[in-house]
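Written below as structure tokens is the structure these notes are about.
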Amino acid sequence: MAGQRLKQGGRIDRRKTLNVRFDGRKLQAHPGDTLASALIASGEMIVARGFKYHRARGVYAAGSEDPNALVHLRTGARHEPNARATTTQVFDGLESFAQNSWPDVRFDASAGIGLLSPFLSAGFYYKTFIGPFKGTRYWMFCESFIRKAAGMGRAVKINDPDNYDKLNAFCDLLVVGGGASGLSAALTAGRAGADVILVDQDFEPGGSLLSQPVGEASDDWLEDVLLELKSLTNVRILTRTTAFGAYDEDVYGLIENVSDHLLAPENDQPRQRYWLVRSKQAVLATGAIERPLVFANNDLPGVMLAGAVQTYVNRFGVLPGQRIVLSSNNNSAAQVALHLARAGADVTLCDARPTLPAELSDPLLAAGVTLLTGKLVIKAIGRRKVNAALIVPVDAAGRATGAAQKVTCDVIGLSGGWSPVVHLWSQRFKKPVFDDNSGSFIPAELGRETVKCAGRMVAAQTLADRIASGVTAAQAALADLSLDAVDTSVPAAPALPFDTGWADDILPVWSVTDAKGKTLGKAFVDIQHDVKLTDIDQAHREGYVSVEHLKRYTTSGMATDQGKTSNIIALARMAELSGKTIPQTGTTTFRPPYTPVAIGALVGHEHGLHFTATRYSPIHDWHLAQGAKMTEAGAWMRPWYYPDGSETLSEAYRREAAHVRQHVGIVDVSTLGKIAVQGPDAAEFLNRVYINGWKSLKSGRLRYGVMLREDGYVMDDGATACLGENDYFMSTTTANAARVLAFAEHLLQTAWKDMKVHVTTVTDQWAAFAVAGPKARDLLQSVVSGADLSREAMPNNHFVNAVINGIPVRIHRMSYSGELAYEVYVASGYAQQVWNALHAAGTPFNLKPYGTEAMGALRIEKGHVAGPEIEGRTTLNDLGLNGFASSKKPFVGSVLRGREVLTEASRPTLVGLELGSAQGAKSGSLIYAKGVAAKGHGEGWVSSTTWSPALGKYIALALVQSGKSRTGEEVQVVNHLENQTLSAKIVSSHFYDPAGERQNA
Amino acid sequence: MLRINCPVCGTRDETEFTYGGDATVVRPAMDETRAQLWLDYVFNRDNPRGPHTEYWHHVQGCRQWLVMERNTLTHEVGECHLAKEAC
Amino acid sequence: MPDIQSPLAAVRTPGRFGASFDAGPGITLSDAPLSGLVQIAGWDGFETAVKPALKTLGFSDAGDFCCSRQSGDATLFRTAPDRVLITGASAGDVLEIAGANAELAVLDLSHARLQINVEGRNAEGLMAQLAPIDFRLNAMPIGSFVQTGIHHIGVLIHRTSATRFELMVPVTFARGLWQFIGLNAAPFGYDVLEAA
């Protein structure tokens, strides 16, 4: 028979029934249930299908360690794959679905895949996809087949509608785990006044105490402690919160499931909250996970961890089966047997140990439990669920020593001892050590400077010991916090029957085999990843020694449960096969996260528009109002082009660029990096970081400068104005502003400490507009007051302070477009007013705005380099900027720019290309000499490309080997990505007005 | 996550900082012309296992360049001072 | 001079947003241009060199890295060993005297930052979502300030009461940060005030 709800007992509210469905079938669910307990109560034995073989799987555990009960939750955009039914708190309207099965989890068409199992053994991927099969059709065939068959949940491609918050928290003490030891630690520290955060992954604190029958003395203890803890304002209790990672410097990552227990988040609350906790001290009281025993068909629905069976009975009032066989090697199953018998089950307890002490056996026999000592389950029998257990007498290694007996049952509960949850400790410090006494890995030390451990996590056994260890850990933490524990009298431990723990007299048996060491059928080590005991054996035969290699070769422990129930068994088997001890074999490395974490929770609000911070010009809204199409330039949004009616990009930029050359245009260049360079040594500083000389620059003048990196490559260029003797205004390219500033700070603070210079970003302080075109002077002169912009008074590379509509501005004469041009600098809070004034004054001059695309077209026509040319691999000589470099002084990069590799004559150098075609070249196209096969990397590449309205043809800038000497040569321009080959002629990069007459007008 | 004790701002998350590499290298004087010294400064680095003295820039804080000791093996952070203040 | 134009003009919508609680919204958001913002920087001997300039505003010294100083409408922040920031309408008064000293570098940054105010009973909680700083009152008392990152952008955060923080953010990032702060404030419920 299947599981059923008991008439009484459990921490559920039977008065309320919730509408919860699994594959459309209504479940019996009450508040307090998990999806797993509701499934068992409703007789749903098969809840999932195996990863590789599609074997039927049932609920196996009662916590986050469950390898089997992974389900889909919800539908539509809130659909969630790989949700653990055992930790999913039920809510009204919960819809859940089996995954990795078709057409139905109960009748899976792929279950026959088990017949192929010899091909899916350890190392299958490695063997199949390297060597002769690599890259073949066979590979492709196998891959498509495996992708369909193997797997777990299915993600949806709909945007997640919910919000996730990130929270930075600080505290004196973080207590991880709300069981007896964690609560005791939190109470001790809380009473001493420490700022405490207590986290528990469950929706109710209490840990294993919740698995005691309702009404036991442990309930009173729990109630007392929680009551007091909740009264302490310095203690924050976070339930549904998992500490998934422990990081350097005592930083912990937590995920709080704020709204996962609801149909949808309510009242604008986030779905989950990602806490980053910086804690001065931590007490890890993370408990222990029961360890299974491995035998044939140990994945059959109905095979469960013994403690989980106890939890379902006592916490959820669900009896998973009427006839229950327990298979155990330690004392902890005794309490389970007693509680099951009291709940009305027919219980048989097999224990590997030849005899049990009377204080265990007598009460069990009195309760009606059948005891089979010296015996274990060697095989689960049943087709789609357990209907019997095959039990054999075993030796100390778990090998059969005699004839088997068959016991009819519907549940087999396993207890192979317990594995302390050492994950957080091990993530932080080092691998745990093996404790022979408890047969488990535990932290090497109970306490480190900032991390203390308590409870089952350090193999504390009785409830009294666990409580005491929590108090001790908290006291140690308080001492390190220099706080006094005022009251350590945590309520005394209540008496529980068989409060023995697992360590005493444990017989370390891990798997049950026949006399020759063979399992009687498929026996799984890692049930979630379908890794069998024989896969471990095979890996051993093939020479795998390191546990890290074993893990990757067999994929044991690499599924979403990270081998919480399986790792130790794989290690033990490896140790057994290699004749080593478990400590000699070692364990694999523990890494975050402890349980799966939704990417959305880590992302928080940093997605979509807020993927990174966005930067807006002070006149951004004007651009939008004009219908500008915007483009991203680093963090900035910039106007790309201003379509006139239905104009395309191509039509618009050609018109805008032509307009600048004929009339006058205005472009928002507020994005330029601006740096104030101030101090008595400012000129000397500029002299060092720029390749050209600065000592002679007078106040009121500007100079174009180029900077190199320390390694001799070009870093950036821009104009710098001398505002006064000790006061310079540097501009950088939009892209490099932050890099140049940090580099300048680095030089000043680490190498040139004696220089009296300060560099400060003023990018935000100043908006800037370039006004360019033959009518630029007339327009500006008509609107400014207090300045003479005439050719004589203000030649190129001069600036002047002026006023526009009562607002102070600074006007630089400097041309990027090659036209008569000015840059108007204005404090950003007045930018819109000045921009508006320029437009109002511009009407008679036919002023039009232009965007970055037209700006690019204009500078390419002039052969000015920009980001696509100053791309980190080009030298001054490559870009034709050598002439700016001073030979009279050293500057940053001046020695290393002379390196051989940077001065080779064959280096690609900047040239112009004239395309003879009706198509432009794509940036990144490769250059090949005419008539040669277009193979390999070519002799150069196209860096920038445009239609030139001034020349009436497509042009491009390119870097071509020995480019300067190839003027006039016809070359092929090949875009391999789009199979496009064009013909072009190499020309000077100064396409338009090479003498500069227009800008000097 | 590293927590870096900035002498100006106090202990902060490493996310506020950028890494600046080995702080034991000394930039040659401006008039140094021997390429090898510049190559050593720009490219050649030890790769120590253990304590490493390195630059960090408190780029989202006080914008000071710091010199900090970090153990490359354990990630433990040691002494930290302003790069401007010779130590 | 005309009014300084707020970078939030198009995105600041006065009203009530986010979660609703019986106690009303937990957050009030508002913004204001800085009436003045001046940086004074120097070199060795900065503390001495800057004294006369600070004295004109009533500050006795350059202060410390943790806490602001207040004098009249001016607030002084020691942002680095050799730098201070001064806000307030009177901040500009130091430009001339400090500018005359070659040992100091003075800079008017009054258009470079916007002040965003986060106020309300959940202000501390919202700030904890925005920056990796310990905002608990004992760790960050009234009058203290931090320079840190919100959404990876450098900002200065000044605590002016148990429930109020004033953020100085770069104006070109202000629009995005304002929206980002709003997203984070939604679970507390928040009011947006009219432009100052």
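Chain labels follow the order of the structure tokens: the first chain is A, the next B, and so on; residue numbering restarts at 1 in every chain, and ligands are counted from 1 in their shown order.
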May I have the residues within 9 Å of stretch 46-48 of chain B as a VMD selection string, using only C-alpha atoms and disregarding those fewer than 5 positions away in the same chain?
chain B and resid 22 71 to 73
So that I can check the secondary structure, give me every residue of stretch 491-609 of chain A assigned strand (DSSP E or B) by backbone DSSP, as a list in words.
Ser511, Thr513, Phe524, Val525, Asp526, Val531 and Lys532 of chain A
Please determine the contact residues of chain B with respect to chain C at a cut-off of 10 Å, counting only C-alpha atoms, and supply them as a compact mmCIF listing (two decimals) with C-alpha atoms, in the first residue's frame.
# COMPACT_ATOMS: atom_id res chain seq x y z
CA PRO B 7 43.26 53.91 5.89
CA VAL B 8 40.83 56.66 4.90
CA CYS B 9 37.44 54.95 4.67
CA GLY B 10 37.76 51.97 7.00
CA THR B 11 37.10 48.34 6.12
CA ARG B 12 35.24 47.96 2.84
CA ASP B 13 34.19 45.28 0.38
CA GLU B 14 36.63 44.58 -2.43
CA THR B 15 33.90 45.55 -4.89
CA GLU B 16 34.71 49.20 -4.18
CA PHE B 17 38.30 48.70 -5.30
CA HIS B 58 39.75 52.70 -3.78
CA VAL B 59 38.04 53.82 -6.90
CA GLN B 60 34.51 54.06 -5.51
CA GLY B 61 35.67 55.56 -2.23
CA CYS B 62 38.41 58.09 -1.49
CA ARG B 63 40.21 57.38 -4.79
CA GLN B 64 43.46 56.69 -2.98
CA LEU B 82 48.34 54.71 1.46
Go through chain B residue by residue and, counting only C-alpha atoms, keep those with an atom at most 8 Å from chain A; for each kept residue give the shortest atom pair and its distance in Å to one decimal, ordered by chain and increasing number, as a tab-separated table.
residue	atom	partner	partner_atom	distance
B:Met1	CA	A:Asp248	CA	5.2
B:Leu2	CA	A:Glu249	CA	5.9
B:Arg3	CA	A:Glu249	CA	6.0
B:Val26	CA	A:Ala751	CA	7.4
B:Arg27	CA	A:Ala751	CA	6.0
B:Met30	CA	A:Pro890	CA	6.2
B:Asp31	CA	A:Pro890	CA	6.1
B:Thr33	CA	A:Val895	CA	6.1
B:Arg34	CA	A:Val895	CA	7.6
B:Ala35	CA	A:Val895	CA	6.1
B:Trp38	CA	A:Leu896	CA	6.9
B:Leu39	CA	A:Leu896	CA	7.4
B:Val42	CA	A:Asp711	CA	6.6
B:Val59	CA	A:Ala742	CA	7.8
B:Gln64	CA	A:Gln749	CA	7.6
B:Trp65	CA	A:Gln749	CA	6.4
B:His75	CA	A:Asp248	CA	7.1
B:Glu76	CA	A:Asp248	CA	7.7
B:Ala83	CA	A:Thr750	CA	5.6
B:Lys84	CA	A:Gln749	CA	5.0
Those residues you just picked out, can you put them in a file as a CSV table (one decimal), in the first residue's frame with C-alpha atoms?
chain,number,residue,atom,x,y,z
B,1,MET,CA,35.2,38.4,-0.8
B,2,LEU,CA,38.1,40.5,0.4
B,3,ARG,CA,37.4,43.2,3.0
B,26,VAL,CA,59.5,50.7,-8.8
B,27,ARG,CA,58.9,52.9,-11.7
B,30,MET,CA,61.6,59.6,-16.2
B,31,ASP,CA,65.0,60.0,-17.8
B,33,THR,CA,66.6,55.1,-21.2
B,34,ARG,CA,67.5,51.5,-20.6
B,35,ALA,CA,64.7,49.4,-22.1
B,38,TRP,CA,61.2,49.5,-18.3
B,39,LEU,CA,60.5,46.0,-19.4
B,42,VAL,CA,55.9,46.9,-17.1
B,59,VAL,CA,38.0,53.8,-6.9
B,64,GLN,CA,43.5,56.7,-3.0
B,65,TRP,CA,45.9,54.1,-4.2
B,75,HIS,CA,43.6,35.1,0.6
B,76,GLU,CA,44.3,36.6,4.0
B,83,ALA,CA,50.7,54.3,-1.5
B,84,LYS,CA,51.7,58.0,-1.0
Determine which residues of chain C sit within 7 Å of chain A, taking into account only C-alpha atoms, and present them as a PDB file with C-alpha atoms, in the first residue's frame.
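The resulting file, part00.pdb, is reproduced below:
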ATOM      1  CA  MET C   1      21.288  83.003 -13.142  1.00  0.00           C
ATOM      2  CA  ILE C   4      19.772  74.627 -12.168  1.00  0.00           C
ATOM      3  CA  GLN C   5      17.974  72.008 -14.180  1.00  0.00           C
ATOM      4  CA  SER C   6      17.490  68.662 -12.448  1.00  0.00           C
ATOM      5  CA  PRO C   7      18.579  65.560 -14.338  1.00  0.00           C
ATOM      6  CA  GLY C  18       5.348  50.296  -4.068  1.00  0.00           C
ATOM      7  CA  ALA C  19       4.060  48.331  -1.117  1.00  0.00           C
ATOM      8  CA  SER C  20       1.335  49.721   1.072  1.00  0.00           C
ATOM      9  CA  TRP C  43      49.676  68.469  -0.798  1.00  0.00           C
ATOM     10  CA  ALA C 102      49.329  78.114  -4.859  1.00  0.00           C
ATOM     11  CA  ALA C 105      43.742  73.520  -5.837  1.00  0.00           C
ATOM     12  CA  LEU C 109      31.725  71.185  -8.626  1.00  0.00           C
ATOM     13  CA  HIS C 111      26.834  71.199 -11.104  1.00  0.00           C
ATOM     14  CA  ALA C 112      28.606  67.865 -10.870  1.00  0.00           C
ATOM     15  CA  ALA C 128      21.550  48.445   3.120  1.00  0.00           C
ATOM     16  CA  GLN C 129      20.153  47.292  -0.214  1.00  0.00           C
ATOM     17  CA  PRO C 132      27.874  47.512   1.081  1.00  0.00           C
ATOM     18  CA  ASP C 134      27.147  49.046   7.782  1.00  0.00           C
ATOM     19  CA  HIS C 151      25.280  50.271  -8.538  1.00  0.00           C
ATOM     20  CA  PRO C 170      27.161  62.316 -10.107  1.00  0.00           C
ATOM     21  CA  VAL C 171      24.526  64.164 -12.134  1.00  0.00           C
ATOM     22  CA  THR C 172      25.004  62.162 -15.300  1.00  0.00           C
ATOM     23  CA  PHE C 173      24.321  58.934 -13.380  1.00  0.00           C
ATOM     24  CA  GLY C 176      19.575  55.797 -13.627  1.00  0.00           C
ATOM     25  CA  ASN C 184      14.832  48.911  -4.289  1.00  0.00           C
ATOM     26  CA  ALA C 186       9.276  49.351  -3.661  1.00  0.00           C
ATOM     27  CA  PRO C 187       9.046  46.655  -0.939  1.00  0.00           C
TER      28      PRO C 187
END
Residues of stretch 596-810 of chain A in helix (DSSP H, G or I), written as a PyMOL selection string:
chain A and resi 599-603+608-610+620-625+649-662+682-689+737-751+776-783
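Between atom CA of A:Gly700 and atom CA of A:His990 the separation is 28.6 Å.
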Which neighbours of C:Asn101 fall inside 9 Å, counting only C-alpha atoms, when residues of the same chain fewer than 3 positions from it are skipped, and could you give them as an mmCIF file with C-alpha atoms, in the first residue's frame?
data_model
loop_
_atom_site.group_PDB
_atom_site.id
_atom_site.type_symbol
_atom_site.label_atom_id
_atom_site.label_comp_id
_atom_site.auth_asym_id
_atom_site.auth_seq_id
_atom_site.Cartn_x
_atom_site.Cartn_y
_atom_site.Cartn_z
ATOM 1 C CA ALA C 49 47.344 75.456 4.062
ATOM 2 C CA VAL C 50 43.602 74.996 3.979
ATOM 3 C CA ILE C 97 40.880 82.959 -0.833
ATOM 4 C CA ALA C 98 41.750 79.310 -1.475
ATOM 5 C CA LEU C 104 45.777 74.616 -2.845
ATOM 6 C CA ALA C 105 43.742 73.520 -5.837
#
How many Å separate atom CA of C:Thr87 from atom CA of C:Ala32?
12.4 Å
